[in-house]
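For reference, the structure is listed below as structure tokens.
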Amino acid sequence: MQPLDQLCADTAARERAGLRRVLHPRDPDHDGLLDLASNDYLGLSRDPRLVEAAVRATREWGTGSTGSRLVTGTTLLHAELEERLAAFTLAPRALVFSSGYLANLAAVATLGRGGLVVSDAGNHASLVDACRLARARVVVTPHGDVAAVERSLRERSEERAIVVTDSVFSVDGDLAPLPGLHAAAVRHGALLVVDEAHALGVVGEHGRGAVHEAGLAGNPTIVRTVTLSKSLGAQGGAVLGGPDVIDTLIDTGRSFIFDTGLAPACAGAALAAVEILEQDADLPEQARARARELAALARELGLESADPAAAVVPVVLGAPQAALAAAALCAEHGVRVGCFRPPSVPQGRSCLRLTARANLGCDDLAVIGRALAAVAGTKVTA
């Protein structure tokens with residue numbers, strides 16, 4: 001079989017299994033649908049304060065950063081953002097990247113290189129890819145299993161080790177056992193790397209994240225990664241850690257050294273979002289409250305859902321085709337939802353992913369309730 005014939009055959013197989021991915025360009029108003037699919041947890045991406053900050057940054061600095069961070073891509077705006085992020089999260093230092101994905105690649109691949117990397121089975125794809133790039137021995141432990149992590153660290157032969165986990169998991173929406181993981185890492189001389197992508201802005205006081213909520217912020221044995229593209233309504237990512245960690249990433253982190261710096265507009269918008277979180281302590285709780293209401297709506301209708309730790313609410317339907325049908329039905333009822341199928345989730349766990357926003361109102365919840373009732377009523381879970 002010729003190479004392109006093989007690709008066509010593979011595509012046809014994915015089609016039969018309900019695993020095709022298709023791009024659906026949307027208009028600025030989400031095609032008239034209520035957005036329950038994006039990661040805009042605080043509703044800040046269209047906030048006039050962020051828009052104006054992005055415009056100001058573009059006028060002052062131009063449309064792009066013009067180079068890698070080590071050449072011309074570090075502006076005074078980037079330095080200010082790093083200082084504000086570190087201060088807001090109570091981290092010693094911060095290092096900004098052009099995406100959260102690249103921040104994860106740098107943190108895990110650099111700090112784990114040549115040692116042991118212990119990774120939770122539920123970790124995001126960016127962490128999984130980072131583990132592969134680390135050229136380390138990787139042990140994948142069962143989801144949330146502190147004892148398995150401890151055992152892997154205790155039995156290792158490698159001198160260096162890191163433990164890698166999401167704080168809030170991107171599909172199930174549950175919280176990692178951070179105190180237990182940190183204690184295990186400390187006992188066995190390992191660093192704990194925590195991806196706070198779905199926790200920053202939603203979990204803890206002022207949305208400072210799950211590590212802060214656990215009382216571990218600023219601990220030199222914890223490295224955090226964050227994204228600026230979810231709760232902060234902008235784009236980009238950052239690594240939070242001590243001076244030795246940040247200096248190591250600047251010197252040797254390939255996805256930092258060889259990537260163009262974050263665009264000024266995104267840096268300006270993210271700065272505005274941090275300022276809003278510093279001033280408005282209620283926003284994170286509003287997002288969490290809406291998430292609890294969404295999960296309760298689903299369960300009342302007989303759909304499988306879990307208590308959310310942050311803003312992510314899964315509705316498990318089973319087969320990929322069931323999830324696709326449910327997502328289409330929600331759109332017919334005016335709601336855009338996420339649709340997660342393998343390999344994003346395990347076989348048999350295809351789901352809708354509902355993402356709560358702090359600015360959802362009672363009328364919005366009524367629309368969502370009718371959409372979920374239609375899903376439950378057509379028995380697409382069968």
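In the structure tokens, each chain is lettered A, B, ... as it comes, each chain's residues begin at 1, and ligands are numbered from 1 in order of appearance.
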
**OP:** Please identify all polymer residues within 8 Å of stretch 212-222 of chain A, counting only C-alpha atoms, omitting same-chain residues fewer than 3 positions from it, and present them as a list in words.
**Re:** Thr89, Leu90, Ala91, Pro92, Leu178, Pro179, His182, Val186, Ala190, Leu191, Leu192, Val193, Val194, Val203, Gly204, Glu205, Arg208, Gly209, Gly241 and Gly242 of chain A

Can those selected residues be exported to a file as a PDB file, in the first residue's frame so that it contains N, CA, C and O atoms?
```pdb
ATOM      1  N   THR A  89       0.992  34.693  42.540  1.00  0.00           N
ATOM      2  CA  THR A  89       0.937  33.280  42.916  1.00  0.00           C
ATOM      3  C   THR A  89       1.859  32.941  44.088  1.00  0.00           C
ATOM      4  O   THR A  89       1.961  31.776  44.479  1.00  0.00           O
ATOM      5  N   LEU A  90       2.538  33.948  44.629  1.00  0.00           N
ATOM      6  CA  LEU A  90       3.512  33.758  45.712  1.00  0.00           C
ATOM      7  C   LEU A  90       4.632  32.809  45.291  1.00  0.00           C
ATOM      8  O   LEU A  90       5.071  31.952  46.067  1.00  0.00           O
ATOM      9  N   ALA A  91       5.084  32.953  44.066  1.00  0.00           N
ATOM     10  CA  ALA A  91       6.207  32.166  43.553  1.00  0.00           C
ATOM     11  C   ALA A  91       7.473  33.016  43.575  1.00  0.00           C
ATOM     12  O   ALA A  91       7.405  34.239  43.434  1.00  0.00           O
ATOM     13  N   PRO A  92       8.640  32.410  43.752  1.00  0.00           N
ATOM     14  CA  PRO A  92       9.879  33.200  43.741  1.00  0.00           C
ATOM     15  C   PRO A  92      10.091  33.932  42.420  1.00  0.00           C
ATOM     16  O   PRO A  92      10.435  35.112  42.407  1.00  0.00           O
ATOM     17  N   LEU A 178      -2.396  16.936  46.147  1.00  0.00           N
ATOM     18  CA  LEU A 178      -1.124  17.662  46.156  1.00  0.00           C
ATOM     19  C   LEU A 178      -0.327  17.514  47.450  1.00  0.00           C
ATOM     20  O   LEU A 178       0.899  17.304  47.392  1.00  0.00           O
ATOM     21  N   PRO A 179      -0.944  17.622  48.641  1.00  0.00           N
ATOM     22  CA  PRO A 179      -0.132  17.458  49.857  1.00  0.00           C
ATOM     23  C   PRO A 179       0.550  16.095  49.928  1.00  0.00           C
ATOM     24  O   PRO A 179       1.734  16.004  50.284  1.00  0.00           O
ATOM     25  N   HIS A 182       3.378  15.902  47.314  1.00  0.00           N
ATOM     26  CA  HIS A 182       4.537  16.705  47.717  1.00  0.00           C
ATOM     27  C   HIS A 182       5.317  16.022  48.837  1.00  0.00           C
ATOM     28  O   HIS A 182       6.559  15.973  48.809  1.00  0.00           O
ATOM     29  N   VAL A 186       9.242  14.945  48.586  1.00  0.00           N
ATOM     30  CA  VAL A 186      10.249  15.439  49.523  1.00  0.00           C
ATOM     31  C   VAL A 186      10.976  14.284  50.207  1.00  0.00           C
ATOM     32  O   VAL A 186      12.209  14.296  50.363  1.00  0.00           O
ATOM     33  N   ALA A 190      12.811  14.286  45.381  1.00  0.00           N
ATOM     34  CA  ALA A 190      12.315  14.580  44.038  1.00  0.00           C
ATOM     35  C   ALA A 190      11.635  15.944  44.008  1.00  0.00           C
ATOM     36  O   ALA A 190      11.170  16.462  45.031  1.00  0.00           O
ATOM     37  N   LEU A 191      11.573  16.525  42.828  1.00  0.00           N
ATOM     38  CA  LEU A 191      10.785  17.733  42.606  1.00  0.00           C
ATOM     39  C   LEU A 191       9.358  17.354  42.225  1.00  0.00           C
ATOM     40  O   LEU A 191       9.128  16.319  41.590  1.00  0.00           O
ATOM     41  N   LEU A 192       8.415  18.193  42.605  1.00  0.00           N
ATOM     42  CA  LEU A 192       7.024  18.029  42.183  1.00  0.00           C
ATOM     43  C   LEU A 192       6.711  19.114  41.162  1.00  0.00           C
ATOM     44  O   LEU A 192       6.854  20.309  41.448  1.00  0.00           O
ATOM     45  N   VAL A 193       6.301  18.707  39.958  1.00  0.00           N
ATOM     46  CA  VAL A 193       5.924  19.638  38.889  1.00  0.00           C
ATOM     47  C   VAL A 193       4.410  19.581  38.737  1.00  0.00           C
ATOM     48  O   VAL A 193       3.850  18.512  38.455  1.00  0.00           O
ATOM     49  N   VAL A 194       3.748  20.722  38.918  1.00  0.00           N
ATOM     50  CA  VAL A 194       2.289  20.781  38.932  1.00  0.00           C
ATOM     51  C   VAL A 194       1.798  21.719  37.840  1.00  0.00           C
ATOM     52  O   VAL A 194       2.165  22.899  37.811  1.00  0.00           O
ATOM     53  N   VAL A 203      -9.316  28.236  41.419  1.00  0.00           N
ATOM     54  CA  VAL A 203      -9.152  27.568  42.712  1.00  0.00           C
ATOM     55  C   VAL A 203      -8.393  28.465  43.673  1.00  0.00           C
ATOM     56  O   VAL A 203      -7.414  29.118  43.293  1.00  0.00           O
ATOM     57  N   GLY A 204      -8.845  28.471  44.923  1.00  0.00           N
ATOM     58  CA  GLY A 204      -8.120  29.175  45.960  1.00  0.00           C
ATOM     59  C   GLY A 204      -8.457  30.651  46.072  1.00  0.00           C
ATOM     60  O   GLY A 204      -9.194  31.203  45.261  1.00  0.00           O
ATOM     61  N   GLU A 205      -7.883  31.284  47.086  1.00  0.00           N
ATOM     62  CA  GLU A 205      -8.092  32.707  47.346  1.00  0.00           C
ATOM     63  C   GLU A 205      -7.662  33.538  46.137  1.00  0.00           C
ATOM     64  O   GLU A 205      -6.546  33.400  45.642  1.00  0.00           O
ATOM     65  N   ARG A 208      -5.589  31.973  43.109  1.00  0.00           N
ATOM     66  CA  ARG A 208      -4.130  31.819  43.033  1.00  0.00           C
ATOM     67  C   ARG A 208      -3.693  30.388  42.727  1.00  0.00           C
ATOM     68  O   ARG A 208      -2.514  30.131  42.568  1.00  0.00           O
ATOM     69  N   GLY A 209      -4.646  29.460  42.673  1.00  0.00           N
ATOM     70  CA  GLY A 209      -4.332  28.102  42.252  1.00  0.00           C
ATOM     71  C   GLY A 209      -4.403  27.085  43.368  1.00  0.00           C
ATOM     72  O   GLY A 209      -4.497  27.415  44.557  1.00  0.00           O
ATOM     73  N   GLY A 241       8.745  29.107  39.664  1.00  0.00           N
ATOM     74  CA  GLY A 241       9.664  28.315  40.471  1.00  0.00           C
ATOM     75  C   GLY A 241      10.776  29.168  41.049  1.00  0.00           C
ATOM     76  O   GLY A 241      10.808  30.395  40.879  1.00  0.00           O
ATOM     77  N   GLY A 242      11.693  28.505  41.713  1.00  0.00           N
ATOM     78  CA  GLY A 242      12.812  29.197  42.328  1.00  0.00           C
ATOM     79  C   GLY A 242      13.850  29.643  41.305  1.00  0.00           C
ATOM     80  O   GLY A 242      13.811  29.252  40.132  1.00  0.00           O
TER      81      GLY A 242
END
```

Subject >> A:Thr58 environment, 12 Å, only C-alpha atoms, sequence neighbours closer than 6 positions dropped, as a PyMOL selection string >> reply: chain A and resi 51-52+64-65+77+263-269

Please report, as a short mmCIF file (atom, residue, chain, number, x, y, z; two decimals) with N, CA, C and O atoms, in the first residue's frame, each residue of stretch 102-242 of chain A to which DSSP assigns strand (DSSP E) when run on this structure's backbone.
```cif
data_model
loop_
_atom_site.label_atom_id
_atom_site.label_comp_id
_atom_site.auth_asym_id
_atom_site.auth_seq_id
_atom_site.Cartn_x
_atom_site.Cartn_y
_atom_site.Cartn_z
N LEU A 116 14.29 9.87 36.49
CA LEU A 116 13.00 9.19 36.55
C LEU A 116 11.90 10.25 36.54
O LEU A 116 11.98 11.23 37.28
N VAL A 117 10.89 10.04 35.70
CA VAL A 117 9.71 10.90 35.69
C VAL A 117 8.51 10.05 36.06
O VAL A 117 8.22 9.05 35.38
N VAL A 118 7.83 10.42 37.14
CA VAL A 118 6.63 9.71 37.59
C VAL A 118 5.43 10.56 37.21
O VAL A 118 5.28 11.68 37.70
N SER A 119 4.58 10.04 36.34
CA SER A 119 3.51 10.82 35.74
C SER A 119 2.15 10.19 36.00
O SER A 119 1.97 8.98 35.83
N ASP A 120 1.18 11.00 36.41
CA ASP A 120 -0.19 10.53 36.65
C ASP A 120 -0.83 10.10 35.33
O ASP A 120 -0.68 10.75 34.30
N ARG A 137 13.50 7.64 32.16
CA ARG A 137 12.61 6.50 32.41
C ARG A 137 11.30 7.06 32.96
O ARG A 137 11.31 7.81 33.95
N VAL A 138 10.21 6.72 32.33
CA VAL A 138 8.91 7.26 32.71
C VAL A 138 8.07 6.15 33.32
O VAL A 138 7.90 5.08 32.71
N VAL A 139 7.53 6.41 34.50
CA VAL A 139 6.58 5.50 35.14
C VAL A 139 5.23 6.21 35.21
O VAL A 139 5.14 7.30 35.78
N VAL A 140 4.22 5.61 34.61
CA VAL A 140 2.87 6.17 34.65
C VAL A 140 2.11 5.48 35.77
O VAL A 140 1.92 4.26 35.75
N THR A 141 1.69 6.25 36.76
CA THR A 141 1.01 5.68 37.92
C THR A 141 -0.50 5.85 37.79
O THR A 141 -0.97 6.77 37.12
N ALA A 161 14.86 12.66 40.12
CA ALA A 161 13.48 12.27 39.84
C ALA A 161 12.57 13.47 39.96
O ALA A 161 12.83 14.40 40.74
N ILE A 162 11.51 13.46 39.16
CA ILE A 162 10.43 14.44 39.31
C ILE A 162 9.10 13.71 39.28
O ILE A 162 8.96 12.65 38.66
N VAL A 163 8.13 14.29 39.97
CA VAL A 163 6.75 13.81 39.96
C VAL A 163 5.93 14.85 39.21
O VAL A 163 6.05 16.05 39.48
N VAL A 164 5.12 14.40 38.26
CA VAL A 164 4.41 15.32 37.37
C VAL A 164 2.90 15.08 37.48
O VAL A 164 2.45 13.94 37.36
N THR A 165 2.15 16.15 37.68
CA THR A 165 0.70 16.02 37.77
C THR A 165 0.00 17.31 37.38
O THR A 165 0.55 18.41 37.55
N ASP A 166 -1.20 17.18 36.82
CA ASP A 166 -2.11 18.32 36.77
C ASP A 166 -2.58 18.60 38.19
O ASP A 166 -2.62 17.68 39.03
N LEU A 191 11.57 16.53 42.83
CA LEU A 191 10.79 17.73 42.61
C LEU A 191 9.36 17.35 42.23
O LEU A 191 9.13 16.32 41.59
N LEU A 192 8.42 18.19 42.60
CA LEU A 192 7.02 18.03 42.18
C LEU A 192 6.71 19.11 41.16
O LEU A 192 6.85 20.31 41.45
N VAL A 193 6.30 18.71 39.96
CA VAL A 193 5.92 19.64 38.89
C VAL A 193 4.41 19.58 38.74
O VAL A 193 3.85 18.51 38.46
N VAL A 194 3.75 20.72 38.92
CA VAL A 194 2.29 20.78 38.93
C VAL A 194 1.80 21.72 37.84
O VAL A 194 2.16 22.90 37.81
N ASP A 195 0.96 21.19 36.96
CA ASP A 195 0.34 22.00 35.91
C ASP A 195 -0.95 22.60 36.45
O ASP A 195 -1.92 21.89 36.71
N ILE A 222 8.68 22.66 44.66
CA ILE A 222 7.52 22.61 43.77
C ILE A 222 7.75 23.56 42.60
O ILE A 222 8.11 24.72 42.80
N VAL A 223 7.51 23.06 41.40
CA VAL A 223 7.54 23.87 40.19
C VAL A 223 6.14 23.87 39.61
O VAL A 223 5.52 22.81 39.46
N ARG A 224 5.61 25.06 39.32
CA ARG A 224 4.26 25.16 38.75
C ARG A 224 4.34 25.64 37.31
O ARG A 224 5.19 26.46 36.97
N THR A 225 3.43 25.13 36.50
CA THR A 225 3.22 25.70 35.18
C THR A 225 1.79 26.24 35.13
O THR A 225 0.89 25.70 35.76
N VAL A 226 1.61 27.32 34.39
CA VAL A 226 0.28 27.92 34.25
C VAL A 226 0.07 28.31 32.79
O VAL A 226 1.01 28.41 32.01
N THR A 227 -1.18 28.50 32.43
CA THR A 227 -1.51 29.04 31.12
C THR A 227 -2.18 30.39 31.30
O THR A 227 -2.86 30.63 32.30
N GLY A 237 1.85 31.05 28.36
CA GLY A 237 2.03 30.21 29.53
C GLY A 237 3.21 30.69 30.34
O GLY A 237 3.90 31.64 29.95
N ALA A 238 3.43 30.05 31.47
CA ALA A 238 4.55 30.44 32.33
C ALA A 238 4.94 29.27 33.21
O ALA A 238 4.12 28.40 33.52
N VAL A 239 6.20 29.28 33.63
CA VAL A 239 6.70 28.37 34.66
C VAL A 239 6.98 29.22 35.90
O VAL A 239 7.60 30.29 35.80
N LEU A 240 6.54 28.72 37.05
CA LEU A 240 6.75 29.40 38.33
C LEU A 240 7.67 28.52 39.18
O LEU A 240 7.38 27.34 39.39
N GLY A 241 8.75 29.11 39.66
CA GLY A 241 9.66 28.32 40.47
C GLY A 241 10.78 29.17 41.05
O GLY A 241 10.81 30.40 40.88
#
```

Original post:
Could you pull the residues within 7 Å of stretch 231-234 of chain A, counting only C-alpha atoms, minus those fewer than 4 positions along the same chain, as number ranges by chain?
Top reply: A: 39-42, 44-45, 200-201, 266, 269-270, 273

So that I have them on file, write out the residues from the current selection with all heavy atoms, as an mmCIF file, in the first residue's frame.
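After the write, out09.cif holds the following:
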```
data_model
loop_
_atom_site.group_PDB
_atom_site.id
_atom_site.type_symbol
_atom_site.label_atom_id
_atom_site.label_comp_id
_atom_site.auth_asym_id
_atom_site.auth_seq_id
_atom_site.Cartn_x
_atom_site.Cartn_y
_atom_site.Cartn_z
ATOM 1 N N ASN A 39 -12.401 27.597 27.371
ATOM 2 C CA ASN A 39 -11.761 27.627 28.695
ATOM 3 C C ASN A 39 -11.786 29.025 29.307
ATOM 4 O O ASN A 39 -11.003 29.323 30.209
ATOM 5 C CB ASN A 39 -10.320 27.145 28.580
ATOM 6 C CG ASN A 39 -10.229 25.695 28.154
ATOM 7 O OD1 ASN A 39 -10.941 24.852 28.663
ATOM 8 N ND2 ASN A 39 -9.349 25.410 27.208
ATOM 9 N N ASP A 40 -12.695 29.858 28.843
ATOM 10 C CA ASP A 40 -12.793 31.245 29.314
ATOM 11 C C ASP A 40 -13.568 31.284 30.630
ATOM 12 O O ASP A 40 -14.647 31.855 30.739
ATOM 13 C CB ASP A 40 -13.497 32.077 28.231
ATOM 14 C CG ASP A 40 -13.478 33.565 28.518
ATOM 15 O OD1 ASP A 40 -12.655 34.001 29.349
ATOM 16 O OD2 ASP A 40 -14.289 34.287 27.902
ATOM 17 N N TYR A 41 -12.984 30.678 31.671
ATOM 18 C CA TYR A 41 -13.710 30.399 32.907
ATOM 19 C C TYR A 41 -14.256 31.633 33.611
ATOM 20 O O TYR A 41 -15.278 31.563 34.287
ATOM 21 C CB TYR A 41 -12.814 29.623 33.878
ATOM 22 C CG TYR A 41 -12.304 28.307 33.357
ATOM 23 C CD1 TYR A 41 -11.004 27.892 33.630
ATOM 24 C CD2 TYR A 41 -13.112 27.465 32.599
ATOM 25 C CE1 TYR A 41 -10.515 26.687 33.165
ATOM 26 C CE2 TYR A 41 -12.636 26.256 32.126
ATOM 27 C CZ TYR A 41 -11.344 25.873 32.412
ATOM 28 O OH TYR A 41 -10.858 24.677 31.942
ATOM 29 N N LEU A 42 -13.571 32.739 33.493
ATOM 30 C CA LEU A 42 -14.007 33.963 34.180
ATOM 31 C C LEU A 42 -14.703 34.936 33.243
ATOM 32 O O LEU A 42 -15.092 36.030 33.655
ATOM 33 C CB LEU A 42 -12.809 34.646 34.851
ATOM 34 C CG LEU A 42 -12.028 33.777 35.844
ATOM 35 C CD1 LEU A 42 -10.890 34.566 36.470
ATOM 36 C CD2 LEU A 42 -12.948 33.222 36.935
ATOM 37 N N LEU A 44 -13.386 36.589 30.771
ATOM 38 C CA LEU A 44 -12.555 37.778 30.607
ATOM 39 C C LEU A 44 -12.057 37.997 29.179
ATOM 40 O O LEU A 44 -11.534 39.072 28.875
ATOM 41 C CB LEU A 44 -11.336 37.702 31.539
ATOM 42 C CG LEU A 44 -11.613 37.797 33.043
ATOM 43 C CD1 LEU A 44 -10.307 37.689 33.827
ATOM 44 C CD2 LEU A 44 -12.335 39.096 33.383
ATOM 45 N N SER A 45 -12.207 37.013 28.298
ATOM 46 C CA SER A 45 -11.584 37.142 26.978
ATOM 47 C C SER A 45 -12.171 38.290 26.160
ATOM 48 O O SER A 45 -11.497 38.813 25.262
ATOM 49 C CB SER A 45 -11.710 35.834 26.189
ATOM 50 O OG SER A 45 -13.061 35.577 25.853
ATOM 51 N N LEU A 200 -5.503 27.954 37.999
ATOM 52 C CA LEU A 200 -5.228 29.380 38.098
ATOM 53 C C LEU A 200 -6.473 30.188 37.732
ATOM 54 O O LEU A 200 -7.100 29.958 36.701
ATOM 55 C CB LEU A 200 -4.082 29.771 37.171
ATOM 56 C CG LEU A 200 -3.670 31.245 37.220
ATOM 57 C CD1 LEU A 200 -3.007 31.576 38.548
ATOM 58 C CD2 LEU A 200 -2.742 31.591 36.058
ATOM 59 N N GLY A 201 -6.845 31.110 38.602
ATOM 60 C CA GLY A 201 -8.015 31.939 38.365
ATOM 61 C C GLY A 201 -9.315 31.350 38.858
ATOM 62 O O GLY A 201 -10.337 32.043 38.892
ATOM 63 N N CYS A 266 -0.889 39.794 23.926
ATOM 64 C CA CYS A 266 -1.241 38.750 24.894
ATOM 65 C C CYS A 266 -0.655 39.053 26.273
ATOM 66 O O CYS A 266 -1.308 38.829 27.297
ATOM 67 C CB CYS A 266 -0.752 37.405 24.394
ATOM 68 S SG CYS A 266 -1.523 36.862 22.859
ATOM 69 N N ALA A 269 -2.825 41.824 27.798
ATOM 70 C CA ALA A 269 -4.120 41.316 28.255
ATOM 71 C C ALA A 269 -3.973 40.488 29.524
ATOM 72 O O ALA A 269 -4.789 40.604 30.456
ATOM 73 C CB ALA A 269 -4.772 40.493 27.152
ATOM 74 N N ALA A 270 -2.950 39.648 29.584
ATOM 75 C CA ALA A 270 -2.741 38.826 30.771
ATOM 76 C C ALA A 270 -2.450 39.682 32.002
ATOM 77 O O ALA A 270 -2.926 39.391 33.107
ATOM 78 C CB ALA A 270 -1.596 37.842 30.528
ATOM 79 N N ALA A 273 -5.668 40.931 33.278
ATOM 80 C CA ALA A 273 -6.432 39.883 33.955
ATOM 81 C C ALA A 273 -5.922 39.636 35.368
ATOM 82 O O ALA A 273 -6.711 39.444 36.305
ATOM 83 C CB ALA A 273 -6.377 38.600 33.135
#
```

Report as a tab-separated table: every residue of stretch 3-89 of chain A with an atom at most 9 Å from stretch 334-350 of chain A, its closest pair of atoms, and their distance in Å to one decimal, counting only C-alpha atoms, with rows sorted by chain and ascending residue number.
```
residue	atom	partner	partner_atom	distance
A:Gly18	CA	A:Arg341	CA	8.4
A:Leu19	CA	A:Arg341	CA	6.8
A:His30	CA	A:Arg336	CA	8.1
A:Gly32	CA	A:Gly334	CA	7.4
A:Leu33	CA	A:Gly334	CA	4.9
A:Leu34	CA	A:Val335	CA	4.6
A:Asp35	CA	A:Arg336	CA	5.2
A:Leu36	CA	A:Val337	CA	5.0
A:Ala37	CA	A:Val337	CA	4.3
A:Ser38	CA	A:Gly338	CA	7.7
```

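As for atom CA of A:Ser98 and atom CA of A:Asp259, they are spaced 7.6 Å apart.
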
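With only C-alpha atoms as the basis for measurement, A:Phe88 is the residue among A:Gly115, A:Pro243, A:Phe88, A:Ala148 that approaches A:His206 most closely.
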
Original post:
Mind checking DSSP for stretch 184-373 of chain A and telling me the helix (DSSP H, G or I) residues as a PyMOL selection string?
Top reply: chain A and resi 184-187+205-207+210-213+243-252+254-257+264-279+283-300+320-332+362-373

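In this comparison, which uses only C-alpha atoms, the residue of A:Ala134, A:Gly173, A:Gly236, A:Leu153 approaching A:His188 most closely is A:Leu153.
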
Subject >> Residues near stretch 253-255 of chain A, cut-off 8 Å, only C-alpha atoms, skip fewer than 4 positions along chain, as a ChimeraX atom specification >> reply: /A:102-103,105-107,109-110,248-249,259

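Comparing A:Gln286, A:Ala94, A:Pro308, A:Arg357 by their smallest distance to A:Ile250, the closest is A:Ala94 (using only C-alpha atoms).
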
Original post:
Closest to A:Tyr101 among A:Val171, A:Gly144, A:Ala197, A:Ala9, using only C-alpha atoms?
Top reply: A:Ala197

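If you measure from each of A:Ala327, A:Leu297, A:Cys351, A:Ala291 to A:Ala366 using only C-alpha atoms, the closest one turns out to be A:Leu297.
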